[in-house]
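File shown here: entry36.txt, holding compact mmCIF, N, CA and C atoms.
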# COMPACT_ATOMS: atom_id res chain seq x y z
N MET A 15 0.82 -1.20 0.00
CA MET A 15 0.00 0.00 0.00
C MET A 15 0.86 1.25 0.00
N TYR A 16 1.98 1.21 0.67
CA TYR A 16 2.81 2.40 0.79
C TYR A 16 3.92 2.49 -0.24
N ALA A 17 3.99 1.53 -1.14
CA ALA A 17 5.00 1.57 -2.19
C ALA A 17 4.78 2.79 -3.08
N ALA A 18 5.86 3.35 -3.54
CA ALA A 18 5.75 4.53 -4.40
C ALA A 18 5.08 4.19 -5.73
N ASP A 19 5.33 2.99 -6.23
CA ASP A 19 4.79 2.60 -7.53
C ASP A 19 4.25 1.17 -7.45
N LEU A 20 2.99 0.99 -7.76
CA LEU A 20 2.37 -0.34 -7.75
C LEU A 20 2.32 -0.95 -9.15
N GLY A 21 2.82 -0.22 -10.14
CA GLY A 21 2.81 -0.73 -11.51
C GLY A 21 3.58 -2.04 -11.59
N GLY A 22 3.14 -2.90 -12.48
CA GLY A 22 3.80 -4.16 -12.69
C GLY A 22 3.32 -5.29 -11.79
N LEU A 23 2.45 -4.99 -10.86
CA LEU A 23 1.90 -6.05 -10.02
C LEU A 23 0.95 -6.91 -10.84
N PRO A 24 0.74 -8.16 -10.44
CA PRO A 24 -0.15 -9.04 -11.21
C PRO A 24 -1.61 -8.66 -11.01
N PRO A 25 -2.49 -9.17 -11.87
CA PRO A 25 -3.92 -8.95 -11.67
C PRO A 25 -4.30 -9.32 -10.23
N THR A 26 -5.16 -8.52 -9.66
CA THR A 26 -5.43 -8.62 -8.22
C THR A 26 -6.92 -8.59 -7.93
N VAL A 27 -7.34 -9.40 -6.98
CA VAL A 27 -8.69 -9.34 -6.44
C VAL A 27 -8.59 -8.80 -5.02
N VAL A 28 -9.30 -7.71 -4.76
CA VAL A 28 -9.34 -7.11 -3.43
C VAL A 28 -10.76 -7.28 -2.90
N VAL A 29 -10.87 -7.91 -1.75
CA VAL A 29 -12.18 -8.14 -1.16
C VAL A 29 -12.24 -7.45 0.20
N THR A 30 -13.26 -6.64 0.37
CA THR A 30 -13.51 -6.02 1.67
C THR A 30 -14.94 -6.33 2.08
N ALA A 31 -15.24 -6.00 3.30
CA ALA A 31 -16.58 -6.22 3.84
C ALA A 31 -17.13 -4.89 4.34
N GLU A 32 -18.43 -4.73 4.26
CA GLU A 32 -19.05 -3.47 4.69
C GLU A 32 -18.69 -3.12 6.12
N HIS A 33 -18.65 -4.11 6.99
CA HIS A 33 -18.37 -3.87 8.41
C HIS A 33 -16.99 -4.39 8.78
N ASP A 34 -16.00 -3.94 8.03
CA ASP A 34 -14.62 -4.38 8.20
C ASP A 34 -13.77 -3.19 8.63
N PRO A 35 -13.04 -3.30 9.74
CA PRO A 35 -12.21 -2.17 10.16
C PRO A 35 -11.11 -1.84 9.15
N LEU A 36 -10.82 -2.75 8.23
CA LEU A 36 -9.79 -2.50 7.22
C LEU A 36 -10.38 -2.14 5.85
N ARG A 37 -11.67 -1.89 5.82
CA ARG A 37 -12.33 -1.61 4.54
C ARG A 37 -11.74 -0.40 3.82
N ASP A 38 -11.52 0.69 4.54
CA ASP A 38 -10.99 1.89 3.89
C ASP A 38 -9.62 1.64 3.27
N GLU A 39 -8.79 0.88 3.97
CA GLU A 39 -7.46 0.57 3.44
C GLU A 39 -7.58 -0.30 2.18
N GLY A 40 -8.50 -1.27 2.20
CA GLY A 40 -8.72 -2.10 1.02
C GLY A 40 -9.23 -1.30 -0.15
N ASP A 41 -10.16 -0.38 0.12
CA ASP A 41 -10.68 0.49 -0.94
C ASP A 41 -9.56 1.32 -1.55
N ALA A 42 -8.71 1.88 -0.69
CA ALA A 42 -7.60 2.72 -1.16
C ALA A 42 -6.60 1.90 -1.97
N TYR A 43 -6.32 0.70 -1.52
CA TYR A 43 -5.38 -0.17 -2.24
C TYR A 43 -5.92 -0.50 -3.63
N ALA A 44 -7.17 -0.85 -3.72
CA ALA A 44 -7.77 -1.16 -5.02
C ALA A 44 -7.72 0.05 -5.94
N ALA A 45 -7.98 1.23 -5.40
CA ALA A 45 -7.93 2.45 -6.20
C ALA A 45 -6.51 2.72 -6.69
N ARG A 46 -5.52 2.51 -5.84
CA ARG A 46 -4.12 2.72 -6.25
C ARG A 46 -3.70 1.72 -7.31
N LEU A 47 -4.14 0.47 -7.18
CA LEU A 47 -3.83 -0.52 -8.21
C LEU A 47 -4.43 -0.10 -9.55
N ALA A 48 -5.68 0.31 -9.53
CA ALA A 48 -6.34 0.74 -10.77
C ALA A 48 -5.62 1.94 -11.38
N ALA A 49 -5.21 2.89 -10.54
CA ALA A 49 -4.49 4.07 -11.03
C ALA A 49 -3.14 3.70 -11.64
N ALA A 50 -2.56 2.58 -11.20
CA ALA A 50 -1.28 2.11 -11.74
C ALA A 50 -1.50 1.17 -12.93
N ASN A 51 -2.73 1.10 -13.43
CA ASN A 51 -3.09 0.24 -14.56
C ASN A 51 -2.89 -1.25 -14.29
N VAL A 52 -3.03 -1.63 -13.05
CA VAL A 52 -3.01 -3.05 -12.68
C VAL A 52 -4.45 -3.56 -12.80
N PRO A 53 -4.67 -4.65 -13.51
CA PRO A 53 -6.04 -5.20 -13.56
C PRO A 53 -6.48 -5.58 -12.14
N VAL A 54 -7.56 -4.97 -11.70
CA VAL A 54 -8.03 -5.21 -10.33
C VAL A 54 -9.53 -5.40 -10.33
N ARG A 55 -9.97 -6.35 -9.56
CA ARG A 55 -11.39 -6.56 -9.31
C ARG A 55 -11.59 -6.28 -7.83
N HIS A 56 -12.38 -5.27 -7.52
CA HIS A 56 -12.62 -4.90 -6.12
C HIS A 56 -14.05 -5.22 -5.78
N ARG A 57 -14.21 -5.99 -4.74
CA ARG A 57 -15.55 -6.37 -4.29
C ARG A 57 -15.67 -6.03 -2.81
N CYS A 58 -16.67 -5.19 -2.49
CA CYS A 58 -17.01 -4.91 -1.10
C CYS A 58 -18.34 -5.58 -0.84
N GLU A 59 -18.32 -6.57 0.02
CA GLU A 59 -19.53 -7.36 0.28
C GLU A 59 -20.40 -6.69 1.34
N ALA A 60 -21.60 -6.31 0.93
CA ALA A 60 -22.55 -5.63 1.81
C ALA A 60 -22.97 -6.54 2.96
N GLY A 61 -23.05 -5.96 4.14
CA GLY A 61 -23.54 -6.67 5.32
C GLY A 61 -22.55 -7.63 5.95
N MET A 62 -21.37 -7.76 5.36
CA MET A 62 -20.40 -8.73 5.87
C MET A 62 -19.42 -8.07 6.86
N VAL A 63 -18.77 -8.94 7.64
CA VAL A 63 -17.78 -8.50 8.63
C VAL A 63 -16.41 -9.04 8.22
N HIS A 64 -15.36 -8.48 8.82
CA HIS A 64 -14.00 -8.95 8.56
C HIS A 64 -13.92 -10.45 8.81
N GLY A 65 -13.29 -11.16 7.90
CA GLY A 65 -13.15 -12.60 8.05
C GLY A 65 -14.38 -13.40 7.67
N PHE A 66 -15.31 -12.78 6.97
CA PHE A 66 -16.59 -13.44 6.69
C PHE A 66 -16.44 -14.75 5.92
N LEU A 67 -15.39 -14.88 5.11
CA LEU A 67 -15.26 -16.09 4.31
C LEU A 67 -15.10 -17.35 5.15
N THR A 68 -14.73 -17.21 6.41
CA THR A 68 -14.59 -18.37 7.29
C THR A 68 -15.93 -18.81 7.88
N LEU A 69 -16.98 -18.08 7.59
CA LEU A 69 -18.30 -18.36 8.17
C LEU A 69 -19.26 -18.98 7.16
N ASP A 70 -18.73 -19.51 6.07
CA ASP A 70 -19.58 -19.98 4.97
C ASP A 70 -20.49 -21.14 5.35
N THR A 71 -20.10 -21.96 6.32
CA THR A 71 -20.96 -23.08 6.70
C THR A 71 -22.07 -22.65 7.65
N LEU A 72 -22.00 -21.41 8.13
CA LEU A 72 -23.01 -20.92 9.08
C LEU A 72 -24.06 -20.03 8.44
N SER A 73 -23.76 -19.49 7.26
CA SER A 73 -24.66 -18.51 6.66
C SER A 73 -24.74 -18.69 5.15
N PRO A 74 -25.94 -18.88 4.62
CA PRO A 74 -26.08 -18.95 3.16
C PRO A 74 -25.65 -17.66 2.47
N ALA A 75 -25.85 -16.52 3.11
CA ALA A 75 -25.43 -15.24 2.52
C ALA A 75 -23.91 -15.18 2.39
N VAL A 76 -23.22 -15.68 3.40
CA VAL A 76 -21.76 -15.71 3.35
C VAL A 76 -21.29 -16.71 2.28
N ALA A 77 -21.93 -17.85 2.22
CA ALA A 77 -21.57 -18.84 1.20
C ALA A 77 -21.73 -18.25 -0.20
N ALA A 78 -22.81 -17.51 -0.43
CA ALA A 78 -23.04 -16.89 -1.74
C ALA A 78 -21.97 -15.82 -2.02
N ALA A 79 -21.62 -15.05 -1.00
CA ALA A 79 -20.57 -14.05 -1.17
C ALA A 79 -19.24 -14.73 -1.50
N GLY A 80 -18.97 -15.82 -0.83
CA GLY A 80 -17.75 -16.57 -1.11
C GLY A 80 -17.71 -17.07 -2.53
N GLU A 81 -18.83 -17.53 -3.04
CA GLU A 81 -18.88 -17.99 -4.43
C GLU A 81 -18.57 -16.84 -5.39
N ARG A 82 -19.05 -15.63 -5.08
CA ARG A 82 -18.74 -14.48 -5.93
C ARG A 82 -17.25 -14.17 -5.90
N VAL A 83 -16.67 -14.21 -4.71
CA VAL A 83 -15.24 -13.95 -4.58
C VAL A 83 -14.43 -15.00 -5.34
N PHE A 84 -14.78 -16.27 -5.18
CA PHE A 84 -14.04 -17.33 -5.85
C PHE A 84 -14.20 -17.23 -7.37
N ALA A 85 -15.34 -16.78 -7.83
CA ALA A 85 -15.53 -16.56 -9.27
C ALA A 85 -14.63 -15.43 -9.75
N ASP A 86 -14.48 -14.38 -8.96
CA ASP A 86 -13.57 -13.29 -9.31
C ASP A 86 -12.14 -13.78 -9.40
N VAL A 87 -11.71 -14.60 -8.45
CA VAL A 87 -10.35 -15.13 -8.46
C VAL A 87 -10.15 -16.03 -9.68
N THR A 88 -11.12 -16.87 -9.97
CA THR A 88 -11.03 -17.75 -11.14
C THR A 88 -10.91 -16.93 -12.41
N ASP A 89 -11.71 -15.88 -12.53
CA ASP A 89 -11.67 -15.02 -13.71
C ASP A 89 -10.29 -14.37 -13.85
N MET A 90 -9.73 -13.88 -12.75
CA MET A 90 -8.41 -13.25 -12.82
C MET A 90 -7.35 -14.27 -13.21
N LEU A 91 -7.42 -15.48 -12.67
CA LEU A 91 -6.45 -16.50 -13.03
C LEU A 91 -6.55 -16.87 -14.50
N ASP A 92 -7.77 -16.92 -15.03
CA ASP A 92 -7.96 -17.22 -16.44
C ASP A 92 -7.31 -16.14 -17.33
N ARG A 93 -7.29 -14.92 -16.85
CA ARG A 93 -6.70 -13.82 -17.62
C ARG A 93 -5.18 -13.93 -17.73
N VAL A 94 -4.55 -14.53 -16.74
CA VAL A 94 -3.08 -14.59 -16.77
C VAL A 94 -2.56 -15.88 -17.38
N ARG A 95 -3.43 -16.79 -17.71
CA ARG A 95 -3.00 -18.06 -18.33
C ARG A 95 -2.75 -17.91 -19.80

Write-out of the structure in structure tokens:
Amino acid sequence: MYAADLGGLPPTVVVTAEHDPLRDEGDAYAARLAAANVPVRHRCEAGMVHGFLTLDTLSPAVAAAGERVFADVTDMLDRVR
């Protein structure tokens, strides 16, 4: 996040949650990546908390959010192959 230049980094998926104490930092990182022309997919999951992906067996909403995130990662990996 504090590097002077983020150019040249690989395609990136940044995931934040609406109720995440690190959300602002994730938003800023995604914006900096985009400004450096790094392919970035930024997803902020509404209603979720930090670490929500570990709760997928407890909540269908979390499981669905996880599927969206994993689809984003798959899409990014397909782009670099």

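Nearest residue to Ala49 of chain A among A:Gly21, A:Phe84, A:Ala78, A:Met15 is A:Gly21, counting all atoms listed in the file.
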
Using only the atoms of segment 76-94 of chain A listed in the file, plus 6 Å on each side, state the axis-aligned box centre and edge lengths in Å rounded to one decimal, as lines of an AutoDock Vina configuration file.
center_x = -12.9
center_y = -16.0
center_z = -7.2
size_x = 32.7
size_y = 17.6
size_z = 33.1

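Within the 7 Å cut-off around Ala31 of chain A, using all atoms listed in the file and omitting residues fewer than 5 positions from it on the same chain, the listed residues are Leu36, Arg37, Arg57, Cys58, Glu59, Ala60, Gly61, Met62, Val63 and His64 of chain A.
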
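For the pair atom CA of Ala44 of chain A and atom CA of Arg93 of chain A, the separation is 17.9 Å.
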
Let's see if you can do this: from backbone DSSP, list all helix (DSSP H, G or I) residues in segment 16-93 of chain A, as a compact mmCIF listing (two decimals) with N, CA and C atoms, keeping the file's coordinate frame.
# COMPACT_ATOMS: atom_id res chain seq x y z
N ARG A 37 -11.67 -1.89 5.82
CA ARG A 37 -12.33 -1.61 4.54
C ARG A 37 -11.74 -0.40 3.82
N ASP A 38 -11.52 0.69 4.54
CA ASP A 38 -10.99 1.89 3.89
C ASP A 38 -9.62 1.64 3.27
N GLU A 39 -8.79 0.88 3.97
CA GLU A 39 -7.46 0.57 3.44
C GLU A 39 -7.58 -0.30 2.18
N GLY A 40 -8.50 -1.27 2.20
CA GLY A 40 -8.72 -2.10 1.02
C GLY A 40 -9.23 -1.30 -0.15
N ASP A 41 -10.16 -0.38 0.12
CA ASP A 41 -10.68 0.49 -0.94
C ASP A 41 -9.56 1.32 -1.55
N ALA A 42 -8.71 1.88 -0.69
CA ALA A 42 -7.60 2.72 -1.16
C ALA A 42 -6.60 1.90 -1.97
N TYR A 43 -6.32 0.70 -1.52
CA TYR A 43 -5.38 -0.17 -2.24
C TYR A 43 -5.92 -0.50 -3.63
N ALA A 44 -7.17 -0.85 -3.72
CA ALA A 44 -7.77 -1.16 -5.02
C ALA A 44 -7.72 0.05 -5.94
N ALA A 45 -7.98 1.23 -5.40
CA ALA A 45 -7.93 2.45 -6.20
C ALA A 45 -6.51 2.72 -6.69
N ARG A 46 -5.52 2.51 -5.84
CA ARG A 46 -4.12 2.72 -6.25
C ARG A 46 -3.70 1.72 -7.31
N LEU A 47 -4.14 0.47 -7.18
CA LEU A 47 -3.83 -0.52 -8.21
C LEU A 47 -4.43 -0.10 -9.55
N ALA A 48 -5.68 0.31 -9.53
CA ALA A 48 -6.34 0.74 -10.77
C ALA A 48 -5.62 1.94 -11.38
N ALA A 49 -5.21 2.89 -10.54
CA ALA A 49 -4.49 4.07 -11.03
C ALA A 49 -3.14 3.70 -11.64
N PHE A 66 -15.31 -12.78 6.97
CA PHE A 66 -16.59 -13.44 6.69
C PHE A 66 -16.44 -14.75 5.92
N LEU A 67 -15.39 -14.88 5.11
CA LEU A 67 -15.26 -16.09 4.31
C LEU A 67 -15.10 -17.35 5.15
N THR A 68 -14.73 -17.21 6.41
CA THR A 68 -14.59 -18.37 7.29
C THR A 68 -15.93 -18.81 7.88
N LEU A 69 -16.98 -18.08 7.59
CA LEU A 69 -18.30 -18.36 8.17
C LEU A 69 -19.26 -18.98 7.16
N PRO A 74 -25.94 -18.88 4.62
CA PRO A 74 -26.08 -18.95 3.16
C PRO A 74 -25.65 -17.66 2.47
N ALA A 75 -25.85 -16.52 3.11
CA ALA A 75 -25.43 -15.24 2.52
C ALA A 75 -23.91 -15.18 2.39
N VAL A 76 -23.22 -15.68 3.40
CA VAL A 76 -21.76 -15.71 3.35
C VAL A 76 -21.29 -16.71 2.28
N ALA A 77 -21.93 -17.85 2.22
CA ALA A 77 -21.57 -18.84 1.20
C ALA A 77 -21.73 -18.25 -0.20
N ALA A 78 -22.81 -17.51 -0.43
CA ALA A 78 -23.04 -16.89 -1.74
C ALA A 78 -21.97 -15.82 -2.02
N ALA A 79 -21.62 -15.05 -1.00
CA ALA A 79 -20.57 -14.05 -1.17
C ALA A 79 -19.24 -14.73 -1.50
N GLY A 80 -18.97 -15.82 -0.83
CA GLY A 80 -17.75 -16.57 -1.11
C GLY A 80 -17.71 -17.07 -2.53
N GLU A 81 -18.83 -17.53 -3.04
CA GLU A 81 -18.88 -17.99 -4.43
C GLU A 81 -18.57 -16.84 -5.39
N ARG A 82 -19.05 -15.63 -5.08
CA ARG A 82 -18.74 -14.48 -5.93
C ARG A 82 -17.25 -14.17 -5.90
N VAL A 83 -16.67 -14.21 -4.71
CA VAL A 83 -15.24 -13.95 -4.58
C VAL A 83 -14.43 -15.00 -5.34
N PHE A 84 -14.78 -16.27 -5.18
CA PHE A 84 -14.04 -17.33 -5.85
C PHE A 84 -14.20 -17.23 -7.37
N ALA A 85 -15.34 -16.78 -7.83
CA ALA A 85 -15.53 -16.56 -9.27
C ALA A 85 -14.63 -15.43 -9.75
N ASP A 86 -14.48 -14.38 -8.96
CA ASP A 86 -13.57 -13.29 -9.31
C ASP A 86 -12.14 -13.78 -9.40
N VAL A 87 -11.71 -14.60 -8.45
CA VAL A 87 -10.35 -15.13 -8.46
C VAL A 87 -10.15 -16.03 -9.68
N THR A 88 -11.12 -16.87 -9.97
CA THR A 88 -11.03 -17.75 -11.14
C THR A 88 -10.91 -16.93 -12.41
N ASP A 89 -11.71 -15.88 -12.53
CA ASP A 89 -11.67 -15.02 -13.71
C ASP A 89 -10.29 -14.37 -13.85
N MET A 90 -9.73 -13.88 -12.75
CA MET A 90 -8.41 -13.25 -12.82
C MET A 90 -7.35 -14.27 -13.21
N LEU A 91 -7.42 -15.48 -12.67
CA LEU A 91 -6.45 -16.50 -13.03
C LEU A 91 -6.55 -16.87 -14.50
N ASP A 92 -7.77 -16.92 -15.03
CA ASP A 92 -7.96 -17.22 -16.44
C ASP A 92 -7.31 -16.14 -17.33
N ARG A 93 -7.29 -14.92 -16.85
CA ARG A 93 -6.70 -13.82 -17.62
C ARG A 93 -5.18 -13.93 -17.73

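Restricting the calculation to all atoms listed in the file, the smallest distance between Arg55 of chain A and any of A:Leu67, A:Val27, A:Val83, A:Met90 is found for A:Val27.
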
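Distance check against His56 of chain A using all atoms listed in the file: of A:Gly80, A:Pro35, A:Gly40, A:Gly22, the minimum falls on A:Gly40.
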
Exercise. Residues of chain A in strand (DSSP E) according to DSSP, as a PyMOL selection string?
Worked result: chain A and resi 26-33+54-63

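When atom CA of Gly65 of chain A is paired with atom CA of Ala45 of chain A, their separation reads 21.4 Å.
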
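The interatomic distance for the pair atom N of Ala18 of chain A and atom N of Arg46 of chain A works out to 11.6 Å.
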
Is it possible to produce a file of segment 24-52 of chain A from this structure, with N, CA, C and O atoms, as a PDB file, in the first residue's frame?
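The resulting file, part20.pdb, is shown below:
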ATOM      1  N   PRO A  24       0.738  -8.156 -10.441  1.00  0.00           N
ATOM      2  CA  PRO A  24      -0.146  -9.043 -11.206  1.00  0.00           C
ATOM      3  C   PRO A  24      -1.614  -8.657 -11.012  1.00  0.00           C
ATOM      4  O   PRO A  24      -1.952  -7.915 -10.079  1.00  0.00           O
ATOM      5  N   PRO A  25      -2.489  -9.171 -11.867  1.00  0.00           N
ATOM      6  CA  PRO A  25      -3.921  -8.953 -11.666  1.00  0.00           C
ATOM      7  C   PRO A  25      -4.299  -9.322 -10.233  1.00  0.00           C
ATOM      8  O   PRO A  25      -3.801 -10.304  -9.675  1.00  0.00           O
ATOM      9  N   THR A  26      -5.162  -8.517  -9.656  1.00  0.00           N
ATOM     10  CA  THR A  26      -5.432  -8.616  -8.224  1.00  0.00           C
ATOM     11  C   THR A  26      -6.921  -8.586  -7.934  1.00  0.00           C
ATOM     12  O   THR A  26      -7.665  -7.826  -8.552  1.00  0.00           O
ATOM     13  N   VAL A  27      -7.336  -9.398  -6.976  1.00  0.00           N
ATOM     14  CA  VAL A  27      -8.694  -9.344  -6.436  1.00  0.00           C
ATOM     15  C   VAL A  27      -8.592  -8.798  -5.025  1.00  0.00           C
ATOM     16  O   VAL A  27      -7.861  -9.341  -4.193  1.00  0.00           O
ATOM     17  N   VAL A  28      -9.296  -7.706  -4.760  1.00  0.00           N
ATOM     18  CA  VAL A  28      -9.337  -7.107  -3.430  1.00  0.00           C
ATOM     19  C   VAL A  28     -10.756  -7.276  -2.904  1.00  0.00           C
ATOM     20  O   VAL A  28     -11.710  -6.845  -3.550  1.00  0.00           O
ATOM     21  N   VAL A  29     -10.873  -7.906  -1.746  1.00  0.00           N
ATOM     22  CA  VAL A  29     -12.185  -8.142  -1.156  1.00  0.00           C
ATOM     23  C   VAL A  29     -12.235  -7.453   0.200  1.00  0.00           C
ATOM     24  O   VAL A  29     -11.363  -7.654   1.044  1.00  0.00           O
ATOM     25  N   THR A  30     -13.263  -6.639   0.373  1.00  0.00           N
ATOM     26  CA  THR A  30     -13.507  -6.018   1.670  1.00  0.00           C
ATOM     27  C   THR A  30     -14.938  -6.333   2.083  1.00  0.00           C
ATOM     28  O   THR A  30     -15.717  -6.868   1.304  1.00  0.00           O
ATOM     29  N   ALA A  31     -15.241  -6.001   3.301  1.00  0.00           N
ATOM     30  CA  ALA A  31     -16.584  -6.216   3.838  1.00  0.00           C
ATOM     31  C   ALA A  31     -17.127  -4.887   4.340  1.00  0.00           C
ATOM     32  O   ALA A  31     -16.362  -4.029   4.807  1.00  0.00           O
ATOM     33  N   GLU A  32     -18.426  -4.733   4.262  1.00  0.00           N
ATOM     34  CA  GLU A  32     -19.055  -3.472   4.687  1.00  0.00           C
ATOM     35  C   GLU A  32     -18.690  -3.119   6.121  1.00  0.00           C
ATOM     36  O   GLU A  32     -18.437  -1.958   6.433  1.00  0.00           O
ATOM     37  N   HIS A  33     -18.647  -4.111   6.988  1.00  0.00           N
ATOM     38  CA  HIS A  33     -18.372  -3.869   8.412  1.00  0.00           C
ATOM     39  C   HIS A  33     -16.985  -4.388   8.780  1.00  0.00           C
ATOM     40  O   HIS A  33     -16.815  -5.163   9.707  1.00  0.00           O
ATOM     41  N   ASP A  34     -15.996  -3.940   8.027  1.00  0.00           N
ATOM     42  CA  ASP A  34     -14.623  -4.379   8.197  1.00  0.00           C
ATOM     43  C   ASP A  34     -13.771  -3.191   8.632  1.00  0.00           C
ATOM     44  O   ASP A  34     -13.775  -2.163   7.958  1.00  0.00           O
ATOM     45  N   PRO A  35     -13.039  -3.301   9.743  1.00  0.00           N
ATOM     46  CA  PRO A  35     -12.213  -2.168  10.164  1.00  0.00           C
ATOM     47  C   PRO A  35     -11.108  -1.839   9.152  1.00  0.00           C
ATOM     48  O   PRO A  35     -10.562  -0.735   9.191  1.00  0.00           O
ATOM     49  N   LEU A  36     -10.820  -2.745   8.234  1.00  0.00           N
ATOM     50  CA  LEU A  36      -9.793  -2.502   7.224  1.00  0.00           C
ATOM     51  C   LEU A  36     -10.381  -2.140   5.855  1.00  0.00           C
ATOM     52  O   LEU A  36      -9.653  -2.058   4.866  1.00  0.00           O
ATOM     53  N   ARG A  37     -11.671  -1.888   5.817  1.00  0.00           N
ATOM     54  CA  ARG A  37     -12.326  -1.613   4.536  1.00  0.00           C
ATOM     55  C   ARG A  37     -11.736  -0.400   3.823  1.00  0.00           C
ATOM     56  O   ARG A  37     -11.444  -0.457   2.627  1.00  0.00           O
ATOM     57  N   ASP A  38     -11.520   0.692   4.535  1.00  0.00           N
ATOM     58  CA  ASP A  38     -10.994   1.894   3.890  1.00  0.00           C
ATOM     59  C   ASP A  38      -9.622   1.643   3.271  1.00  0.00           C
ATOM     60  O   ASP A  38      -9.325   2.123   2.170  1.00  0.00           O
ATOM     61  N   GLU A  39      -8.786   0.885   3.974  1.00  0.00           N
ATOM     62  CA  GLU A  39      -7.465   0.566   3.437  1.00  0.00           C
ATOM     63  C   GLU A  39      -7.575  -0.301   2.183  1.00  0.00           C
ATOM     64  O   GLU A  39      -6.852  -0.111   1.206  1.00  0.00           O
ATOM     65  N   GLY A  40      -8.503  -1.268   2.195  1.00  0.00           N
ATOM     66  CA  GLY A  40      -8.717  -2.103   1.021  1.00  0.00           C
ATOM     67  C   GLY A  40      -9.231  -1.303  -0.154  1.00  0.00           C
ATOM     68  O   GLY A  40      -8.795  -1.501  -1.299  1.00  0.00           O
ATOM     69  N   ASP A  41     -10.158  -0.378   0.117  1.00  0.00           N
ATOM     70  CA  ASP A  41     -10.680   0.490  -0.944  1.00  0.00           C
ATOM     71  C   ASP A  41      -9.558   1.324  -1.550  1.00  0.00           C
ATOM     72  O   ASP A  41      -9.452   1.462  -2.776  1.00  0.00           O
ATOM     73  N   ALA A  42      -8.708   1.880  -0.692  1.00  0.00           N
ATOM     74  CA  ALA A  42      -7.600   2.719  -1.163  1.00  0.00           C
ATOM     75  C   ALA A  42      -6.597   1.897  -1.974  1.00  0.00           C
ATOM     76  O   ALA A  42      -6.077   2.358  -3.000  1.00  0.00           O
ATOM     77  N   TYR A  43      -6.318   0.697  -1.521  1.00  0.00           N
ATOM     78  CA  TYR A  43      -5.379  -0.171  -2.240  1.00  0.00           C
ATOM     79  C   TYR A  43      -5.917  -0.502  -3.628  1.00  0.00           C
ATOM     80  O   TYR A  43      -5.187  -0.414  -4.622  1.00  0.00           O
ATOM     81  N   ALA A  44      -7.173  -0.852  -3.718  1.00  0.00           N
ATOM     82  CA  ALA A  44      -7.772  -1.161  -5.018  1.00  0.00           C
ATOM     83  C   ALA A  44      -7.716   0.055  -5.940  1.00  0.00           C
ATOM     84  O   ALA A  44      -7.422  -0.077  -7.138  1.00  0.00           O
ATOM     85  N   ALA A  45      -7.978   1.225  -5.398  1.00  0.00           N
ATOM     86  CA  ALA A  45      -7.928   2.450  -6.204  1.00  0.00           C
ATOM     87  C   ALA A  45      -6.506   2.724  -6.694  1.00  0.00           C
ATOM     88  O   ALA A  45      -6.305   3.120  -7.852  1.00  0.00           O
ATOM     89  N   ARG A  46      -5.517   2.513  -5.843  1.00  0.00           N
ATOM     90  CA  ARG A  46      -4.118   2.722  -6.246  1.00  0.00           C
ATOM     91  C   ARG A  46      -3.703   1.717  -7.314  1.00  0.00           C
ATOM     92  O   ARG A  46      -2.977   2.064  -8.238  1.00  0.00           O
ATOM     93  N   LEU A  47      -4.141   0.473  -7.178  1.00  0.00           N
ATOM     94  CA  LEU A  47      -3.834  -0.521  -8.206  1.00  0.00           C
ATOM     95  C   LEU A  47      -4.432  -0.102  -9.545  1.00  0.00           C
ATOM     96  O   LEU A  47      -3.753  -0.149 -10.583  1.00  0.00           O
ATOM     97  N   ALA A  48      -5.678   0.310  -9.531  1.00  0.00           N
ATOM     98  CA  ALA A  48      -6.339   0.740 -10.768  1.00  0.00           C
ATOM     99  C   ALA A  48      -5.618   1.945 -11.377  1.00  0.00           C
ATOM    100  O   ALA A  48      -5.418   2.005 -12.593  1.00  0.00           O
ATOM    101  N   ALA A  49      -5.205   2.893 -10.539  1.00  0.00           N
ATOM    102  CA  ALA A  49      -4.492   4.072 -11.029  1.00  0.00           C
ATOM    103  C   ALA A  49      -3.144   3.704 -11.644  1.00  0.00           C
ATOM    104  O   ALA A  49      -2.643   4.416 -12.523  1.00  0.00           O
ATOM    105  N   ALA A  50      -2.561   2.580 -11.199  1.00  0.00           N
ATOM    106  CA  ALA A  50      -1.284   2.108 -11.742  1.00  0.00           C
ATOM    107  C   ALA A  50      -1.496   1.165 -12.928  1.00  0.00           C
ATOM    108  O   ALA A  50      -0.564   0.508 -13.378  1.00  0.00           O
ATOM    109  N   ASN A  51      -2.729   1.101 -13.425  1.00  0.00           N
ATOM    110  CA  ASN A  51      -3.088   0.237 -14.562  1.00  0.00           C
ATOM    111  C   ASN A  51      -2.892  -1.246 -14.295  1.00  0.00           C
ATOM    112  O   ASN A  51      -2.626  -2.020 -15.218  1.00  0.00           O
ATOM    113  N   VAL A  52      -3.025  -1.634 -13.047  1.00  0.00           N
ATOM    114  CA  VAL A  52      -3.006  -3.048 -12.681  1.00  0.00           C
ATOM    115  C   VAL A  52      -4.446  -3.557 -12.801  1.00  0.00           C
ATOM    116  O   VAL A  52      -5.361  -2.936 -12.247  1.00  0.00           O
TER     117      VAL A  52
END
